[in-house]
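Asks: The structure that follows is given in the form of structure tokens.
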Amino acid sequence: MSLLMDERPPSTMLSASFNQDGGCVAIASNQGFEIFNVSPFQSSVERTLGGGIGHCELLFRCNIIALVGGGETPYAPNHRVLVWDDHVQKAIGELSFRQTVLEIKLRRDAIAVALRDRIYVYNLSDLNLLDKIYTADNPRGLLGMSTSESMVLCCPSVTEGHVRVELYGIRKTVLLEAHESALRALALTEDGSKLATASVKGTVIRVWEIATSACLLEFRRGVERVDMTCLSWSWDHQNLACCSDKGTVHVFSMAKQTEDSSSKMSFSTQLFSSVSKRLQGDQKKSISQIRGVPHPISCAFVPDLPNTLAVVGWDSDGNGVLLLSDYSHEEAVRKAYHVLAKSANLPKEEEETEGQRRRRRMLASPPVTTKESSEDKIYVGERVEVLEKQMKEIRFEEDDGFLNVSGFQTTAEEPLQQSQ
């Protein structure tokens with residue numbers, strides 16, 4: 001049974017992510033992980049593991065979860081991916097690497113892992129290696145994967161600002177010259193037909209059609225440089241949301257906007273509109289803006305509620321929060337607000353005056369989470385380790401730029417050998 005929020009031990013939310021349909025949100029904390037149903041809001045699963053979890057990736061609403069250790073006292077090293085079965089409440093498989101795991105994506109038949117300079121794709125049922133893709137320097141672990149139909153995967157190419165798209169169903173590779181500067185965010189639609197990209201500048205979002213490699217639209221987020229934290233598609237592919245470190249979430253529409261008739265505009269307005277379109281390339285602006293989460297991490301369209309976007313992140317005090325907003329208005333309307341995890345760094349209320357509380361919130365910054373240094377040395381020779389006795393241990397050896405697979409059955413008397 002889940003404890004009431006006030007009865008839980010203090011914990012800091014290290015990360016948060018939505019499942020593939022936006023109906024659930026998982027938070028990773030210093031104590032373990034917890035999964036919430038977005039609407040109606042309730043805690044569905046809470047696991048205290050005695051160590052920190054840095055990333056928790058859900059597979060829709062099933063019992064399979066991918067975990068990576070994190071925090072000051074991690075439950076597992078951050079270079080390992082634990083395949084967690086919540087029915088038996090233990091790890092049934094493990095992927096071990098010699099680099100920090102930066103991102104994980106799951107679908108019903110595959111698991112993809114992003115490292116600093118490469119992507120690994122495995123068969124989920126037996127953890128056999130399916131593909132290995134080298135990328136440009138990818139410190140954010142940018143990775144996207146379709147969840148329906150045949151598998152489509154996108155990641156940075158070996159050239160800065162370019163995107164590589166793998167269409168496994170037809171065995172085709174597509175290269176997109178998306179941006180001149182380095183990539184900062186990627187998002188595939190659930191069927192893999194469209195791709196949204198943003199660079200480190202964070203001012204323009206481009207939408208690509210995978211089949212033709214054509215740029216369909218450009219959205220203008222703003223003119224100031226921002227750090228984009230998330231791009232998210234609606235389930236019908238008609239809306240796109242983005243959030244950044246500015247604390248504002250923008251919602252864009254793929255539908256064509258009707259232009260004002262020239263008869264209703266003055267000559268000066270027409271002239272300004274014409275010059276603006278030439279300078280900005282007729283880029284479309286957001287249809288709605290959402291505020292209320294100062295430091296958003298991720299966002300998702302709620303499947304059961306029309307025109308509703310869920311945003312998860314930190315508030316000014318460092319609490320993990322979830323905001324639901326109606327984006328049918330230009331200035332979104334708040335529908336619900338929930339505290340997911342309290343900050344461990346908050347002083348006791350009786351020891352803090354109202355003036356001190358106001359000053360702290362004005363000067364607040366995002367909570368600091370323990371992460372591996374971006375200057376980590378890059379290694380080769382990653383291996384896969386399967387823990388269950390009935391499964392095989394799979395090892396990989398580098399050979400001519402790819403990995404050869406050799407499997408053997410382990411016994412209880414013979415511990416798994418650690419690679420040097």
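To be explicit about the labels: the chains of the structure tokens are called A, B, and onward in the order shown, and within each one the residues are counted from 1, while ligands get numbers from 1 in the order they are shown.
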Which neighbours of A:Ala28 fall inside 8 Å, counting only C-alpha atoms, when residues of the same chain fewer than 2 positions from it are skipped, and could you give them as a PyMOL selection string?

Replies: chain A and resi 13-16+26+30+32-34+52-56

Asks: I need the residues from that last selection saved to file as a compact mmCIF listing (two decimals), in the first residue's frame (with C-alpha atoms), if you can.

Replies:
```txt
# COMPACT_ATOMS: atom_id res chain seq x y z
CA MET A 13 13.06 13.17 -7.79
CA LEU A 14 15.99 12.47 -10.08
CA SER A 15 14.05 12.09 -13.33
CA ALA A 16 10.57 11.54 -14.71
CA ALA A 26 7.16 7.24 -13.70
CA ASN A 30 16.84 8.42 -4.30
CA GLY A 32 13.49 3.75 -5.83
CA PHE A 33 10.70 4.48 -8.29
CA GLU A 34 6.98 5.19 -8.34
CA GLY A 52 18.65 5.52 -6.10
CA ILE A 53 17.16 5.07 -9.57
CA GLY A 54 18.30 7.59 -12.17
CA HIS A 55 15.95 6.60 -14.97
CA CYS A 56 12.76 4.55 -15.14
```

Asks: Would you write out, as a Markdown table, a table of all residues in stretch 16-59 of chain A that have an atom no more than 12 Å from an atom of stretch 189-203 of chain A, listing for each the closest atom pair and the distance in Å to one decimal, considering only C-alpha atoms and ordering rows by chain and rising residue number?

Replies:
```
| residue | atom | partner | partner_atom | distance |
| --- | --- | --- | --- | --- |
| A:Asn19 | CA | A:Glu190 | CA | 11.8 |
| A:Gln20 | CA | A:Glu190 | CA | 8.1 |
| A:Asp21 | CA | A:Glu190 | CA | 8.8 |
| A:Gly22 | CA | A:Glu190 | CA | 11.5 |
```

Asks: Applying 8 Å and only C-alpha atoms, which residues near stretch 243-245 of chain A remain after dropping the ones on its own chain fewer than 5 positions away? List them as a PyMOL selection string.

Replies: chain A and resi 226-231+250+294-299

Asks: For stretch 74-76 of chain A, work out the shell of residues within 9 Å, counting only C-alpha atoms and skipping chain neighbours fewer than 2 positions away, then give it as a PyMOL selection string.

Replies: chain A and resi 30-32+49-54+67-72+78-82

Asks: Go ahead and write the residues just picked, N, CA, C and O atoms, as a PDB file, in the first residue's frame.

Replies:
```pdb
ATOM      1  N   ASN A  30      15.740   8.963  -5.099  1.00  0.00           N
ATOM      2  CA  ASN A  30      16.836   8.416  -4.298  1.00  0.00           C
ATOM      3  C   ASN A  30      16.443   7.145  -3.570  1.00  0.00           C
ATOM      4  O   ASN A  30      17.313   6.427  -3.066  1.00  0.00           O
ATOM      5  N   GLN A  31      15.142   6.845  -3.493  1.00  0.00           N
ATOM      6  CA  GLN A  31      14.674   5.688  -2.755  1.00  0.00           C
ATOM      7  C   GLN A  31      14.241   4.539  -3.656  1.00  0.00           C
ATOM      8  O   GLN A  31      14.119   3.409  -3.198  1.00  0.00           O
ATOM      9  N   GLY A  32      13.978   4.800  -4.935  1.00  0.00           N
ATOM     10  CA  GLY A  32      13.490   3.753  -5.834  1.00  0.00           C
ATOM     11  C   GLY A  32      12.726   4.382  -6.978  1.00  0.00           C
ATOM     12  O   GLY A  32      13.209   5.321  -7.614  1.00  0.00           O
ATOM     13  N   LEU A  49      13.675   0.573  -3.067  1.00  0.00           N
ATOM     14  CA  LEU A  49      14.709  -0.411  -3.384  1.00  0.00           C
ATOM     15  C   LEU A  49      15.951  -0.279  -2.517  1.00  0.00           C
ATOM     16  O   LEU A  49      16.881  -1.075  -2.645  1.00  0.00           O
ATOM     17  N   GLY A  50      15.997   0.748  -1.670  1.00  0.00           N
ATOM     18  CA  GLY A  50      17.174   0.919  -0.841  1.00  0.00           C
ATOM     19  C   GLY A  50      18.329   1.575  -1.563  1.00  0.00           C
ATOM     20  O   GLY A  50      19.458   1.582  -1.064  1.00  0.00           O
ATOM     21  N   GLY A  51      18.073   2.138  -2.720  1.00  0.00           N
ATOM     22  CA  GLY A  51      19.090   2.832  -3.503  1.00  0.00           C
ATOM     23  C   GLY A  51      18.426   3.690  -4.543  1.00  0.00           C
ATOM     24  O   GLY A  51      17.230   3.569  -4.814  1.00  0.00           O
ATOM     25  N   GLY A  52      19.204   4.573  -5.155  1.00  0.00           N
ATOM     26  CA  GLY A  52      18.651   5.520  -6.102  1.00  0.00           C
ATOM     27  C   GLY A  52      18.467   4.947  -7.495  1.00  0.00           C
ATOM     28  O   GLY A  52      19.239   4.108  -7.953  1.00  0.00           O
ATOM     29  N   ILE A  53      17.427   5.407  -8.167  1.00  0.00           N
ATOM     30  CA  ILE A  53      17.160   5.075  -9.565  1.00  0.00           C
ATOM     31  C   ILE A  53      17.243   6.373 -10.366  1.00  0.00           C
ATOM     32  O   ILE A  53      16.551   7.333 -10.070  1.00  0.00           O
ATOM     33  N   GLY A  54      18.117   6.392 -11.369  1.00  0.00           N
ATOM     34  CA  GLY A  54      18.304   7.592 -12.167  1.00  0.00           C
ATOM     35  C   GLY A  54      17.359   7.703 -13.336  1.00  0.00           C
ATOM     36  O   GLY A  54      17.071   8.809 -13.802  1.00  0.00           O
ATOM     37  N   LEU A  67      15.279  -0.018 -15.778  1.00  0.00           N
ATOM     38  CA  LEU A  67      15.791   0.829 -14.708  1.00  0.00           C
ATOM     39  C   LEU A  67      17.291   1.051 -14.876  1.00  0.00           C
ATOM     40  O   LEU A  67      18.020   0.145 -15.295  1.00  0.00           O
ATOM     41  N   VAL A  68      17.732   2.250 -14.500  1.00  0.00           N
ATOM     42  CA  VAL A  68      19.157   2.586 -14.436  1.00  0.00           C
ATOM     43  C   VAL A  68      19.413   3.248 -13.094  1.00  0.00           C
ATOM     44  O   VAL A  68      18.647   4.118 -12.669  1.00  0.00           O
ATOM     45  N   GLY A  69      20.469   2.840 -12.406  1.00  0.00           N
ATOM     46  CA  GLY A  69      20.778   3.409 -11.109  1.00  0.00           C
ATOM     47  C   GLY A  69      21.197   4.860 -11.204  1.00  0.00           C
ATOM     48  O   GLY A  69      21.667   5.337 -12.239  1.00  0.00           O
ATOM     49  N   GLY A  70      21.028   5.593 -10.095  1.00  0.00           N
ATOM     50  CA  GLY A  70      21.401   6.999 -10.070  1.00  0.00           C
ATOM     51  C   GLY A  70      21.381   7.542  -8.657  1.00  0.00           C
ATOM     52  O   GLY A  70      21.068   6.830  -7.694  1.00  0.00           O
ATOM     53  N   GLY A  71      21.723   8.814  -8.506  1.00  0.00           N
ATOM     54  CA  GLY A  71      21.743   9.434  -7.193  1.00  0.00           C
ATOM     55  C   GLY A  71      23.056   9.207  -6.479  1.00  0.00           C
ATOM     56  O   GLY A  71      24.003   8.614  -7.011  1.00  0.00           O
ATOM     57  N   GLU A  72      23.121   9.671  -5.231  1.00  0.00           N
ATOM     58  CA  GLU A  72      24.350   9.552  -4.447  1.00  0.00           C
ATOM     59  C   GLU A  72      24.628   8.116  -4.029  1.00  0.00           C
ATOM     60  O   GLU A  72      25.781   7.708  -3.928  1.00  0.00           O
ATOM     61  N   ASN A  78      25.345   3.090 -12.920  1.00  0.00           N
ATOM     62  CA  ASN A  78      24.656   3.783 -14.005  1.00  0.00           C
ATOM     63  C   ASN A  78      25.113   3.349 -15.385  1.00  0.00           C
ATOM     64  O   ASN A  78      24.687   3.944 -16.378  1.00  0.00           O
ATOM     65  N   HIS A  79      25.954   2.331 -15.467  1.00  0.00           N
ATOM     66  CA  HIS A  79      26.313   1.773 -16.771  1.00  0.00           C
ATOM     67  C   HIS A  79      25.580   0.449 -17.025  1.00  0.00           C
ATOM     68  O   HIS A  79      25.919  -0.284 -17.944  1.00  0.00           O
ATOM     69  N   ARG A  80      24.581   0.156 -16.208  1.00  0.00           N
ATOM     70  CA  ARG A  80      23.792  -1.060 -16.377  1.00  0.00           C
ATOM     71  C   ARG A  80      22.309  -0.723 -16.549  1.00  0.00           C
ATOM     72  O   ARG A  80      21.807   0.216 -15.930  1.00  0.00           O
ATOM     73  N   VAL A  81      21.648  -1.516 -17.373  1.00  0.00           N
ATOM     74  CA  VAL A  81      20.201  -1.427 -17.540  1.00  0.00           C
ATOM     75  C   VAL A  81      19.584  -2.684 -16.943  1.00  0.00           C
ATOM     76  O   VAL A  81      19.901  -3.797 -17.371  1.00  0.00           O
ATOM     77  N   LEU A  82      18.725  -2.506 -15.953  1.00  0.00           N
ATOM     78  CA  LEU A  82      18.032  -3.632 -15.341  1.00  0.00           C
ATOM     79  C   LEU A  82      16.667  -3.795 -15.999  1.00  0.00           C
ATOM     80  O   LEU A  82      15.889  -2.841 -16.061  1.00  0.00           O
TER      81      LEU A  82
END
```

Asks: Would you mind telling me which residue in A:Ser148, A:Ser286, A:Thr159, A:Thr173 lies nearest to A:Trp235 when using only C-alpha atoms?

Replies: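 Checking each candidate against A:Trp235, we get A:Ser148 as the closest.
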
Asks: Rank A:Gly93, A:Arg98, A:Gly318, A:Val207 by their smallest atom-to-atom distance to A:Asp126, using only C-alpha atoms, and report the top residue only.

Replies: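 Among the listed residues, the smallest separation from A:Asp126 belongs to A:Gly93.
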
Asks: Between A:Thr12, A:Asn307, A:Ser213, A:Thr73, which has the minimum distance to A:Leu240 (counting only C-alpha atoms)?

Replies: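 Smallest separation from A:Leu240 among the options: A:Asn307.
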
Asks: In Å, how far is it from atom CA of A:Ile35 to atom CA of A:Leu129?

Replies: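 If I compute the distance from atom CA of A:Ile35 to atom CA of A:Leu129, I get 28.9 Å.
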
Asks: What is the distance, in Å and to one decimal place, between atom CA of A:Leu186 and atom CA of A:Leu340?

Replies: 26.1 Å

Asks: If we count only C-alpha atoms and set the cut-off at 10 Å, which residues sit around A:Phe252, ignoring sequence neighbours fewer than 4 positions away in its own chain? Please answer as a ChimeraX atom specification.

Replies: /A:205,219-221,233,238-242,284-289,327

Asks: Which one is closest to A:Glu218: A:Cys24, A:Leu153, A:Ala110, A:Met254? Count only C-alpha atoms.

Replies: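 That would be A:Met254, the residue with the smallest distance to A:Glu218.
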